[in-house]
Amino acid sequence: MDAYIRFGRNLKAAFFKARLDVFFKPFVDILLKLAWLSKLSYWCSQHNALDYTDADAPNFRYDKRYELYQFILESQKLEAELDYLEFGVGKGYSFQWWLEHNRHPHSRFWGFDTFTGLPEGWGKMKIGTFSTEGEIPAIADDRAQFAKGLFQETLPAFLSGYKRKDRLVVHMDADLYSSTLFVLTNLATLFRPGDLLIFDEFAVPTHEFRAFSDFVSAFGVKYEVLGAVNRHLQVAMRIAG
């Protein structure tokens, strides 16, 4: 073990002295993506035996996410009173779906978004992509509220006065690693067994998947994957005890 440690230290010192970072810098992003793609591939192989999956018809169809929602709604009995938090609302299509499919008068729905698009680049998508020009969805439902701005600004303010009800459903469509990780770590102490987590871009290895992996590692979160569609792009899971 001592020899292994010495070797590691010497290798690190040689790397620093030779400034090999200059050589590897052009390849860092692709190496990072390959590493996380490998982790994602392994994760998916461990979560293929699901209650709901489109593995037999893997062609991409974005509206499959609504089929996954319907399965989760029915199997988890989500017609009852709940709190629904969505991060990354955009035009509000998924937010509206949940409003329409949970009609309990005491359910509460909050949507968080800048409504001015991505605050940083996401792959080939530039800052401002997905902007609604600052307009929040025109939704006529008294149970719905929106928090406009960066999550780093709106979520702490929300949590300072928030008292959860019986069950929590969190819909993550933040896209970015930084945004997803910020939300999950801030909600960590709220989660209870039976709460639901839904991801809309889970299979992007260096963003939502990476953020979830770091969150699980840091907080020791136990979970059960309930369903996935579009090759694990959309994933639903339940917090375990």
# chains A, B, ... in the order shown; residues from 1 in each chain; ligands from 1
$ closest_atom_pairs --of "stretch 79-155 of chain A" --to "stretch 166-177 of chain A" --cutoff "6 Å" --atoms "only C-alpha atoms" --output "Markdown table"
| residue | atom | partner | partner_atom | distance |
| --- | --- | --- | --- | --- |
| A:Leu82 | CA | A:Arg167 | CA | 4.9 |
| A:Asp83 | CA | A:Leu168 | CA | 4.9 |
| A:Tyr84 | CA | A:Val169 | CA | 4.8 |
| A:Leu85 | CA | A:Val170 | CA | 4.9 |
| A:Glu86 | CA | A:His171 | CA | 4.6 |
| A:Phe87 | CA | A:Met172 | CA | 5.2 |
| A:Gly88 | CA | A:Ala174 | CA | 4.7 |
$ select_by_dssp --residues "stretch 67-225 of chain A" --states "strand (DSSP E)" --output "MDAnalysis selection string"
chainID A and resid 83:87 108:113 144:148 168:172 196:199 223:225
$ atom_distance --atom1 "atom CA of A:Arg192" --atom2 "atom CA of A:Trp98"
20.6 Å
$ atom_distance --atom1 "atom CA of A:Phe71" --atom2 "atom CA of A:Arg238"
13.1 Å
$ atom_distance --atom1 "atom CA of A:Ala188" --atom2 "atom CA of A:Asp200"
19.2 Å
$ closest_residue --among "A:Ala14, A:Leu50, A:Ala35, A:Leu118" --to "A:Thr132" --atoms "only C-alpha atoms"
A:Leu118
$ residues_around --residues "A:Lys222" --least-positions-apart "2" --cutoff "9 Å" --atoms "only C-alpha atoms" --output "PDB file with N, CA and C atoms, in the first residue's frame"
ATOM      1  N   PRO A 193     -39.016   8.854   2.348  1.00  0.00           N
ATOM      2  CA  PRO A 193     -39.348   7.650   1.582  1.00  0.00           C
ATOM      3  C   PRO A 193     -40.738   7.767   0.947  1.00  0.00           C
ATOM      4  N   VAL A 216     -26.405  11.636  -4.981  1.00  0.00           N
ATOM      5  CA  VAL A 216     -26.583  10.348  -4.305  1.00  0.00           C
ATOM      6  C   VAL A 216     -25.334   9.991  -3.505  1.00  0.00           C
ATOM      7  N   GLY A 220     -25.884   9.959   0.389  1.00  0.00           N
ATOM      8  CA  GLY A 220     -26.237   8.577   0.688  1.00  0.00           C
ATOM      9  C   GLY A 220     -27.693   8.255   0.409  1.00  0.00           C
ATOM     10  N   GLU A 224     -35.321   3.884  -5.794  1.00  0.00           N
ATOM     11  CA  GLU A 224     -35.767   2.784  -6.649  1.00  0.00           C
ATOM     12  C   GLU A 224     -36.236   3.379  -7.967  1.00  0.00           C
ATOM     13  N   ARG A 238     -38.333   6.584  -7.087  1.00  0.00           N
ATOM     14  CA  ARG A 238     -38.944   6.804  -5.794  1.00  0.00           C
ATOM     15  C   ARG A 238     -37.862   6.765  -4.712  1.00  0.00           C
ATOM     16  N   ILE A 239     -37.910   7.725  -3.800  1.00  0.00           N
ATOM     17  CA  ILE A 239     -36.975   7.746  -2.687  1.00  0.00           C
ATOM     18  C   ILE A 239     -37.296   6.571  -1.783  1.00  0.00           C
ATOM     19  N   ALA A 240     -36.276   5.808  -1.420  1.00  0.00           N
ATOM     20  CA  ALA A 240     -36.458   4.627  -0.569  1.00  0.00           C
ATOM     21  C   ALA A 240     -36.051   4.932   0.860  1.00  0.00           C
ATOM     22  N   GLY A 241     -36.438   4.045   1.775  1.00  0.00           N
ATOM     23  CA  GLY A 241     -36.116   4.233   3.181  1.00  0.00           C
ATOM     24  C   GLY A 241     -34.649   3.929   3.481  1.00  0.00           C
TER      25      GLY A 241
END
$ closest_residue --among "A:Arg65, A:Ala57, A:Ser107, A:Gly90" --to "A:Gly128" --atoms "only C-alpha atoms"
A:Gly90
$ closest_residue --among "A:Asp51, A:Glu81, A:Asp29, A:Asp113" --to "A:Gly227" --atoms "only C-alpha atoms"
A:Asp51
$ closest_residue --among "A:Pro137, A:Val229, A:Leu184, A:Val235" --to "A:Pro58" --atoms "only C-alpha atoms"
A:Val229
$ closest_residue --among "A:Phe16, A:Phe7, A:Tyr52, A:Tyr162" --to "A:Glu74" --atoms "only C-alpha atoms"
A:Tyr52
$ closest_residue --among "A:Lys77, A:Lys25, A:Lys124, A:Lys148" --to "A:Trp110" --atoms "only C-alpha atoms"
A:Lys148
$ residues_around --residues "A:Lys91" --least-positions-apart "3" --cutoff "9 Å" --atoms "only C-alpha atoms" --output "ChimeraX atom specification"
/A:94-95,115,130-132,135-138
